[in-house]
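Down below is the structure, laid out as structure tokens.
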Protein chains: 2
Amino acid sequence: MAKPKEQLMSEIMNRQIQMASRPVGNPAPKDFCLVEAKIPDVAEGHLLVRNRFLSLDPYMRGRMSPAKSYAKPVEVGEVITGGTVGQVTKSRHPKFVEGDLVVANGGWQEYSVVKGAECKNVNPSWPSLSLALGVLGMPGVTAYTGMKNIGKPVAGETVVVAAASGAVGSVVGQIAKIHGARAVGIAGTMEKCRFVIDELGFDNCLMHKEPDFPEKLKKACPDKIDVYFENVGGKVFETVAPLLNNFARIPVCGLIAHYNDTQLPEGPNTTPLILRDILVKRLTYRGFIVWDFASQEHEALESLAGWIDEGKLKYREDIVDGLENAPEAFMGLLQGKNFGKLIIRLG
Amino acid sequence: MAKPKEQLMSEIMNRQIQMASRPVGNPAPKDFCLVEAKIPDVAEGHLLVRNRFLSLDPYMRGRMSPAKSYAKPVEVGEVITGGTVGQVTKSRHPKFVEGDLVVANGGWQEYSVVKGAECKNVNPSWPSLSLALGVLGMPGVTAYTGMKNIGKPVAGETVVVAAASGAVGSVVGQIAKIHGARAVGIAGTMEKCRFVIDELGFDNCLMHKEPDFPEKLKKACPDKIDVYFENVGGKVFETVAPLLNNFARIPVCGLIAHYNDTQLPEGPNTTPLILRDILVKRLTYRGFIVWDFASQEHEALESLAGWIDEGKLKYREDIVDGLENAPEAFMGLLQGKNFGKLIIRLG
């Protein structure tokens with residue numbers, strides 16, 4: 001519980017992390033700044049929310065770049081975008097009352113004024129509030145809809161996913177298992193690989209940094225690969241591509257290996273090879289973001305929550321305390337330093 | 001009609017074109033040889049067919065390469081594979097009698113012994129026998145199934161196709177128009193472009209060899225591109241890719257610009273860019289060959305023949321006489337020298 005003095009402060013001041021400069025390559029501490037700001041008035045249709053948890057996700061690196069994408073970039077001096085769970089402290093929207101727990105896109109700050117129409121109540125039956133940012137939130141629904149609509153795993157097939165201990169990858173592999181497919185994960189450390197196999201129940205998990213990773217992946221996929229759920233790109237993609245079976249499906253969900261790129265890699269240019277593979281193996285590459293399947297969100301959450309209840313779907317959170325630690329945690333996320341769904345717990 | 005002397009010869013000797021050596025890069029005359037060979041016995045279940053027309057198609061370049069693909073390569077000393085239309089001169093299959101006109105994969109030769117189970121009767125109501133190798137054969141069905149299952153053009157969208165005066169491209173653009181979409185073709189000569197616009201009814205057609213082709217394509221697609229039916233790859237692909245709209249579909253059907261490649265192009269490596277575009281624009285790239293949709297062949301032929309009857313679907317054939325001219329015609333096909341569906345008429 002917050003102390004009286006803090007409560008008084010929070011009535012007037014908010015702490016937020018703004019983008020101080022546009023990162024070039026790897027984001028650096030100088031690209032972020034922690035500022036105090038007055039909480040704006042709550043206009044009609046809006047809510048004031050005191051954020052409890054802030055989600056850190058790789059896609060945010062994209063929002064920090066000026067390049068055209070599926071959402072508009074964050075501008076210098078703006079609060080960085082991000083999913084939040086918090087408690088309504090003032091409501092001017094008929095669907096919410098003070099005290100409600102809501103998921104919103106509140107950004108990197110302790111208090112947010114958000115449109116009520118863009119908020120959702122957190123299901124009180126879920127084991128923890130923060131799950132609404134992970135396995136029972138955007139990352140979980142991303143994994144579910146990507147597998148349902150594009151990956152379409154069939155019993156006996158082989159599904160490969162990188163960032164396998166992460167928020168999306170961990171769910172992807174477990175969904176593969178639920179469908180009777182073989183799940184092979186790729187992760188950055190031996191500890192993560194052990195977790196993916198022992199706790200999440202993948203059939204195998206390999207470290208991409210090992211020099212014999214290509215041989216190991218080949219061995220781990222004796223029937224080659226039918227679904228490659230693309231979270232990373234880069235060397236992992238290059239290693240997976242030759243192992244794809246005819247009619248393989250590649251949901252393209254993220255490319256974390258490239259988010260800090262400042263230029264294209266040197267040649268040769270492998271694009272003709274990729275196109276040839278698409279043709280000859282009749283591959284399907286399809287990019288998506290979770291909102292493309294917004295109408296399936298309810299179904300996804302019901303299924304995911306049901307699997308958690310049945311013990312078929314495990315999750316791991318990596319919780320870091322304090323808004324001021326968000327920049328460092330985020331920089332670490334892009335290097336794979338987190339272990340599980342990365343969440344900032346706010347004061 | 002064949003003269004008596006020739007008929008006598010044909011009873012004992014066949015003329016065929018074999019692959020003399022595996023082409024490296026552009027096929028050369030030395031890679032082909034015309035040989036006389038005895039016609040083998042007709043085993044149970046087989047037919048002897050006197051071929052009237054031989055289809056020349058870009059995919060055959062792939063069969064001449066040793067690389068693994070969706071069909072096994074032609075070996076040195078073997079007859080080159082190819083679709084044929086001909087007349088049954090001997091039948092040991094219960095479904096066919098002497099005199100039947102059949103489509104088969106008879107290869108580059110005057111007589112073929114083929115499995116009856118792999119032959120189909122030519123519909124006698126069609127305007128010409130040779131159409132069974134073009135608009136009412138493999139290329140037409142390729143265009144139809146690629147557009148139906150992957151391209152899925154919607155009224156008001158823009159469809160772009162290269163090799164637009166060719167066997168597949170000409171049908172793709174006309175199917176786009178039938179669905180109410182805008183059709184923009186790309187072709188190699190002004191004469192072809194005029195034909196594509198004036199005769200086939202595309203909205204526009206551009207020459208890819210012109211230096212200002214990128215600007216012209218941009219201007220010809222004011223609402224950008226929703227379907228790019230990929231027949232060619234190379235520079236055309238590079239020019240089209242930046243113009244793709246969100247949720248665009250790219251049926252990958254052929255890559256003629258790369259068939260003679262002996263190495264990958266120089267860098268930079270644009271593969272990360274292609275993947276990023278797939279993700280950010282949520283593109284669908286899907287490779288296919290016509291046999292992937294074999295169950296739709298009847299529907300495709302009915303639709304295509306119906307559109308021809310209604311005057312909605314035009315076609316153009318480029319007919320070359322004499323088996324001995326097949327190698328040169330094929331080498332020209334890979335350079336875009338044909339104008340319309342390339343067919344060899346046999347003696």
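Simple scheme: letters A, B, ... for chains in structure tokens order, numbers from 1 for residues in each chain, numbers from 1 for ligands in the order shown.
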For the contact check between chain B and chain A, emit one row per residue of chain B within 8 Å, containing the shortest atom pair and the distance in Å rounded to one decimal, counting only C-alpha atoms, chain then rising number order, as a tab-separated table.
```
residue	atom	partner	partner_atom	distance
B:Ser69	CA	A:Val280	CA	5.5
B:Tyr70	CA	A:Val280	CA	5.8
B:Gly233	CA	A:Pro272	CA	7.4
B:Gly234	CA	A:Pro272	CA	7.5
B:Val252	CA	A:Leu279	CA	5.6
B:Cys253	CA	A:Leu279	CA	6.3
B:Gly254	CA	A:Leu279	CA	7.0
B:Leu255	CA	A:Arg276	CA	7.3
B:His258	CA	A:Pro272	CA	7.3
B:Leu264	CA	A:Pro268	CA	6.0
B:Pro265	CA	A:Asn269	CA	5.4
B:Glu266	CA	A:Pro268	CA	4.6
B:Gly267	CA	A:Gly267	CA	3.2
B:Pro268	CA	A:Glu266	CA	4.5
B:Asn269	CA	A:Asn269	CA	3.9
B:Thr270	CA	A:Asn269	CA	6.1
B:Thr271	CA	A:Thr271	CA	5.1
B:Pro272	CA	A:Leu264	CA	7.2
B:Leu273	CA	A:Leu264	CA	7.8
B:Ile274	CA	A:Thr271	CA	7.7
B:Leu275	CA	A:Val252	CA	7.6
B:Arg276	CA	A:Leu255	CA	7.3
B:Ile278	CA	A:Gly287	CA	4.9
B:Leu279	CA	A:Gly287	CA	4.1
B:Val280	CA	A:Ser69	CA	5.5
B:Lys281	CA	A:Tyr70	CA	6.9
B:Arg282	CA	A:Gly287	CA	4.0
B:Leu283	CA	A:Gly287	CA	5.5
B:Thr284	CA	A:Arg286	CA	4.3
B:Tyr285	CA	A:Tyr285	CA	5.1
B:Arg286	CA	A:Thr284	CA	4.3
B:Gly287	CA	A:Arg282	CA	4.0
B:Phe288	CA	A:Arg282	CA	4.9
B:Ile289	CA	A:Arg282	CA	7.5
```
Q.
Would you pick out the contacts of Val290 in chain B at 8 Å or less, using only C-alpha atoms, so that residues sharing its chain but fewer than 4 positions from it are not included, and give the list as a list in words?
A. Met138, Val141, Thr142, Thr145, Gly146 and Ala294 of chain B
Export of prior selection with N, CA and C atoms as a PDB file, in the first residue's frame:
```pdb
ATOM      1  N   MET B 138      -2.259 -26.172 -68.848  1.00  0.00           N
ATOM      2  CA  MET B 138      -1.487 -25.912 -67.635  1.00  0.00           C
ATOM      3  C   MET B 138      -1.332 -24.417 -67.342  1.00  0.00           C
ATOM      4  N   VAL B 141      -4.748 -22.861 -66.230  1.00  0.00           N
ATOM      5  CA  VAL B 141      -5.164 -23.366 -64.915  1.00  0.00           C
ATOM      6  C   VAL B 141      -4.241 -22.817 -63.821  1.00  0.00           C
ATOM      7  N   THR B 142      -2.971 -22.627 -64.148  1.00  0.00           N
ATOM      8  CA  THR B 142      -2.030 -22.004 -63.203  1.00  0.00           C
ATOM      9  C   THR B 142      -2.509 -20.599 -62.827  1.00  0.00           C
ATOM     10  N   THR B 145      -5.909 -20.896 -60.728  1.00  0.00           N
ATOM     11  CA  THR B 145      -5.809 -21.384 -59.348  1.00  0.00           C
ATOM     12  C   THR B 145      -4.954 -20.455 -58.484  1.00  0.00           C
ATOM     13  N   GLY B 146      -3.944 -19.851 -59.084  1.00  0.00           N
ATOM     14  CA  GLY B 146      -3.121 -18.910 -58.322  1.00  0.00           C
ATOM     15  C   GLY B 146      -3.919 -17.690 -57.893  1.00  0.00           C
ATOM     16  N   ALA B 294      -4.896 -29.548 -58.018  1.00  0.00           N
ATOM     17  CA  ALA B 294      -5.367 -30.465 -59.061  1.00  0.00           C
ATOM     18  C   ALA B 294      -6.878 -30.667 -58.995  1.00  0.00           C
TER      19      ALA B 294
END
```
Q) Quick one: residues within 9 Å of Lys314 in chain A, only C-alpha atoms counted, chain neighbours fewer than 4 positions away excluded, as number ranges by chain? A) A: 135, 170-171, 174, 199-200, 307-308
Q: Run DSSP on the backbone of this structure and report the residues of range 38-179 of chain A it assigns to alpha helix (DSSP H), as a list in words.
A: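 The alpha helix (DSSP H) residues within range 38-179 of chain A come out as Tyr59, Met60, Arg61, Gly62, Arg63, Met138, Pro139, Gly140, Val141, Thr142, Ala143, Tyr144, Thr145, Gly146, Gly169, Ser170, Val171, Val172, Gly173, Gln174, Ile175, Ala176, Lys177 and Ile178 of chain A.
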Those residues you just picked out, can you put them in a file as a JSON list (two decimals), in the first residue's frame with C-alpha atoms?
```json
[["chain", "number", "residue", "atom", "x", "y", "z"],
["A", 59, "TYR", "CA", 7.98, -4.30, -30.88],
["A", 60, "MET", "CA", 8.58, -1.04, -28.97],
["A", 61, "ARG", "CA", 11.96, -0.74, -30.67],
["A", 62, "GLY", "CA", 10.02, -0.35, -33.92],
["A", 63, "ARG", "CA", 7.97, 2.48, -32.43],
["A", 138, "MET", "CA", -1.06, -9.40, -26.22],
["A", 139, "PRO", "CA", 1.82, -11.92, -26.41],
["A", 140, "GLY", "CA", -0.40, -14.93, -25.65],
["A", 141, "VAL", "CA", -3.05, -13.84, -28.14],
["A", 142, "THR", "CA", -0.29, -13.20, -30.71],
["A", 143, "ALA", "CA", 0.95, -16.77, -30.34],
["A", 144, "TYR", "CA", -2.58, -18.18, -30.44],
["A", 145, "THR", "CA", -3.79, -16.28, -33.50],
["A", 146, "GLY", "CA", -0.52, -16.73, -35.40],
["A", 169, "GLY", "CA", 7.70, -18.25, -28.16],
["A", 170, "SER", "CA", 6.85, -20.12, -24.97],
["A", 171, "VAL", "CA", 3.15, -20.14, -25.88],
["A", 172, "VAL", "CA", 3.81, -21.04, -29.53],
["A", 173, "GLY", "CA", 5.67, -24.23, -28.61],
["A", 174, "GLN", "CA", 3.11, -25.30, -26.03],
["A", 175, "ILE", "CA", 0.29, -24.77, -28.54],
["A", 176, "ALA", "CA", 2.26, -26.96, -30.96],
["A", 177, "LYS", "CA", 2.36, -29.69, -28.29],
["A", 178, "ILE", "CA", -1.36, -29.27, -27.55]]
```
Q) What is the CA of Phe330 in chain A to CA of Gln87 in chain A distance in Å? A) 23.7 Å
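For the atom pair formed by CA of Val232 in chain A and CA of Pro58 in chain A, the distance is 10.0 Å, given to one decimal.
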Q: Determine the nearest neighbour of Lys30 in chain A from the options A:Pro127, A:Glu317, A:Gln18, A:Glu118, counting only C-alpha atoms.
A: A:Gln18
(Q) Which of range 211-314 of chain B end up as strand (DSSP E or B) when DSSP is run on this backbone - answer as a ChimeraX atom specification? (A) /B:225-230,244-252,284-287
Mind dumping the selected residues with C-alpha atoms as a compact mmCIF listing (two decimals), in the first residue's frame?
```txt
# COMPACT_ATOMS: atom_id res chain seq x y z
CA ILE B 225 -0.53 -2.83 -55.44
CA ASP B 226 -2.74 -5.42 -53.74
CA VAL B 227 -1.82 -8.51 -55.74
CA TYR B 228 1.53 -9.11 -57.40
CA PHE B 229 1.47 -12.33 -59.36
CA GLU B 230 5.16 -13.25 -59.43
CA LEU B 244 2.85 -3.30 -52.12
CA ASN B 245 -0.07 -2.30 -49.93
CA ASN B 246 -0.76 -3.67 -46.47
CA PHE B 247 -2.22 -7.17 -46.72
CA ALA B 248 -1.05 -7.61 -50.32
CA ARG B 249 -0.88 -11.16 -51.68
CA ILE B 250 2.02 -12.46 -53.77
CA PRO B 251 1.38 -15.78 -55.51
CA VAL B 252 4.88 -16.96 -56.44
CA THR B 284 1.38 -13.08 -47.82
CA TYR B 285 3.94 -14.71 -50.10
CA ARG B 286 2.89 -18.17 -51.19
CA GLY B 287 4.52 -20.40 -53.77
```
Using only C-alpha atoms, I'd like a table of the residues in range 299-325 of chain B that come within 10 Å of range 95-113 of chain B; for each, show the closest atom pair and its distance in Å rounded to one decimal, ordered by chain and ascending number, as a Markdown table.
```
| residue | atom | partner | partner_atom | distance |
| --- | --- | --- | --- | --- |
| B:Gly322 | CA | B:Glu110 | CA | 9.7 |
| B:Leu323 | CA | B:Gln109 | CA | 7.1 |
| B:Glu324 | CA | B:Trp108 | CA | 9.6 |
```
Q: Find the residues around Glu191 in chain A up to 12 Å (only C-alpha atoms counted), leave out those fewer than 2 positions away in its own chain, and share them as a ChimeraX atom specification.
A: /A:164-165,186-189,193-199,205-207,337-340
Include N, CA and C atoms and write out the residues we just selected as an mmCIF file, in the first residue's frame.
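Below is the file that was written, out.cif:
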```
data_model
loop_
_atom_site.group_PDB
_atom_site.id
_atom_site.type_symbol
_atom_site.label_atom_id
_atom_site.label_comp_id
_atom_site.auth_asym_id
_atom_site.auth_seq_id
_atom_site.Cartn_x
_atom_site.Cartn_y
_atom_site.Cartn_z
ATOM 1 N N ALA A 164 12.341 -18.960 -27.433
ATOM 2 C CA ALA A 164 11.384 -19.982 -26.987
ATOM 3 C C ALA A 164 11.012 -19.865 -25.522
ATOM 4 N N SER A 165 11.817 -19.163 -24.725
ATOM 5 C CA SER A 165 11.424 -18.976 -23.333
ATOM 6 C C SER A 165 10.712 -17.641 -23.146
ATOM 7 N N ILE A 186 14.380 -22.564 -29.700
ATOM 8 C CA ILE A 186 15.727 -22.006 -29.824
ATOM 9 C C ILE A 186 15.805 -20.880 -28.789
ATOM 10 N N ALA A 187 16.889 -20.862 -28.018
ATOM 11 C CA ALA A 187 17.006 -19.839 -26.972
ATOM 12 C C ALA A 187 18.470 -19.456 -26.807
ATOM 13 N N GLY A 188 18.714 -18.478 -25.941
ATOM 14 C CA GLY A 188 20.042 -17.889 -25.869
ATOM 15 C C GLY A 188 20.976 -18.482 -24.829
ATOM 16 N N THR A 189 20.429 -19.182 -23.833
ATOM 17 C CA THR A 189 21.289 -19.741 -22.792
ATOM 18 C C THR A 189 20.860 -21.168 -22.470
ATOM 19 N N CYS A 193 17.184 -23.032 -22.190
ATOM 20 C CA CYS A 193 16.870 -24.275 -22.913
ATOM 21 C C CYS A 193 16.336 -25.336 -21.959
ATOM 22 N N ARG A 194 16.977 -25.452 -20.799
ATOM 23 C CA ARG A 194 16.529 -26.438 -19.805
ATOM 24 C C ARG A 194 15.086 -26.153 -19.382
ATOM 25 N N PHE A 195 14.802 -24.873 -19.124
ATOM 26 C CA PHE A 195 13.448 -24.463 -18.736
ATOM 27 C C PHE A 195 12.440 -24.819 -19.832
ATOM 28 N N VAL A 196 12.807 -24.550 -21.073
ATOM 29 C CA VAL A 196 11.894 -24.783 -22.201
ATOM 30 C C VAL A 196 11.570 -26.274 -22.322
ATOM 31 N N ILE A 197 12.579 -27.108 -22.106
ATOM 32 C CA ILE A 197 12.352 -28.553 -22.199
ATOM 33 C C ILE A 197 11.666 -29.065 -20.933
ATOM 34 N N ASP A 198 12.244 -28.758 -19.772
ATOM 35 C CA ASP A 198 11.779 -29.377 -18.518
ATOM 36 C C ASP A 198 10.465 -28.794 -18.026
ATOM 37 N N GLU A 199 10.305 -27.491 -18.147
ATOM 38 C CA GLU A 199 9.100 -26.865 -17.581
ATOM 39 C C GLU A 199 7.998 -26.706 -18.627
ATOM 40 N N CYS A 205 15.315 -28.063 -27.226
ATOM 41 C CA CYS A 205 15.586 -26.624 -27.291
ATOM 42 C C CYS A 205 17.091 -26.443 -27.441
ATOM 43 N N LEU A 206 17.490 -25.603 -28.378
ATOM 44 C CA LEU A 206 18.905 -25.455 -28.738
ATOM 45 C C LEU A 206 19.364 -24.020 -28.555
ATOM 46 N N MET A 207 20.660 -23.893 -28.262
ATOM 47 C CA MET A 207 21.248 -22.556 -28.126
ATOM 48 C C MET A 207 21.757 -22.089 -29.481
ATOM 49 N N LYS A 337 18.394 -10.669 -22.618
ATOM 50 C CA LYS A 337 18.829 -10.843 -21.228
ATOM 51 C C LYS A 337 17.686 -11.197 -20.288
ATOM 52 N N ASN A 338 16.454 -10.921 -20.703
ATOM 53 C CA ASN A 338 15.306 -11.308 -19.862
ATOM 54 C C ASN A 338 15.126 -12.822 -19.913
ATOM 55 N N PHE A 339 14.378 -13.337 -18.939
ATOM 56 C CA PHE A 339 14.104 -14.781 -18.914
ATOM 57 C C PHE A 339 12.621 -14.921 -18.580
ATOM 58 N N GLY A 340 11.815 -14.979 -19.612
ATOM 59 C CA GLY A 340 10.361 -14.987 -19.452
ATOM 60 C C GLY A 340 9.801 -13.629 -19.836
#
```
Q) Quick one: residues within 10 Å of His46 in chain A, only C-alpha atoms counted, chain neighbours fewer than 5 positions away excluded, as number ranges by chain? A) A: 41, 90-94, 96, 112-119
Q: Extract, using only C-alpha atoms, all DNA, RNA and protein residues at most 10 Å from Pro29 in chain B, discarding same-chain residues fewer than 5 positions from it, and format them as a VMD selection string.
A: chain B and resid 20 to 21 23 327 to 328 331
Would you mind exporting the chosen residues as a JSON list (two decimals), in the first residue's frame, restricted to N, CA and C atoms?
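out-v5.json, written as the output of this step:
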```json
[["chain", "number", "residue", "atom", "x", "y", "z"],
["B", 20, "ALA", "N", 21.67, -32.88, -74.17],
["B", 20, "ALA", "CA", 23.02, -33.39, -74.48],
["B", 20, "ALA", "C", 23.99, -33.09, -73.33],
["B", 21, "SER", "N", 23.76, -31.96, -72.68],
["B", 21, "SER", "CA", 24.59, -31.60, -71.52],
["B", 21, "SER", "C", 23.75, -30.65, -70.66],
["B", 23, "PRO", "N", 22.74, -27.44, -69.05],
["B", 23, "PRO", "CA", 23.09, -26.02, -69.28],
["B", 23, "PRO", "C", 23.65, -25.39, -68.01],
["B", 327, "PRO", "N", 14.74, -26.17, -79.59],
["B", 327, "PRO", "CA", 15.79, -25.60, -78.73],
["B", 327, "PRO", "C", 15.93, -24.08, -78.88],
["B", 328, "GLU", "N", 15.97, -23.61, -80.12],
["B", 328, "GLU", "CA", 16.13, -22.18, -80.33],
["B", 328, "GLU", "C", 14.93, -21.41, -79.78],
["B", 331, "MET", "N", 15.26, -21.29, -76.02],
["B", 331, "MET", "CA", 16.27, -20.31, -75.59],
["B", 331, "MET", "C", 15.71, -18.89, -75.72]]
```
Q.
Measuring between only C-alpha atoms, which one of A:Asn231, A:Thr262, A:Thr89, A:Asn51 shows the shortest distance to Gln16 in chain A?
A.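 Of all the options, A:Asn51 lies closest to Gln16 in chain A.
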Q) At what distance in Å, to one decimal, does CA of Arg345 in chain A lie from CA of His298 in chain A? A)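 If I compute the distance from CA of His298 in chain A to CA of Arg345 in chain A, I get 25.9 Å.
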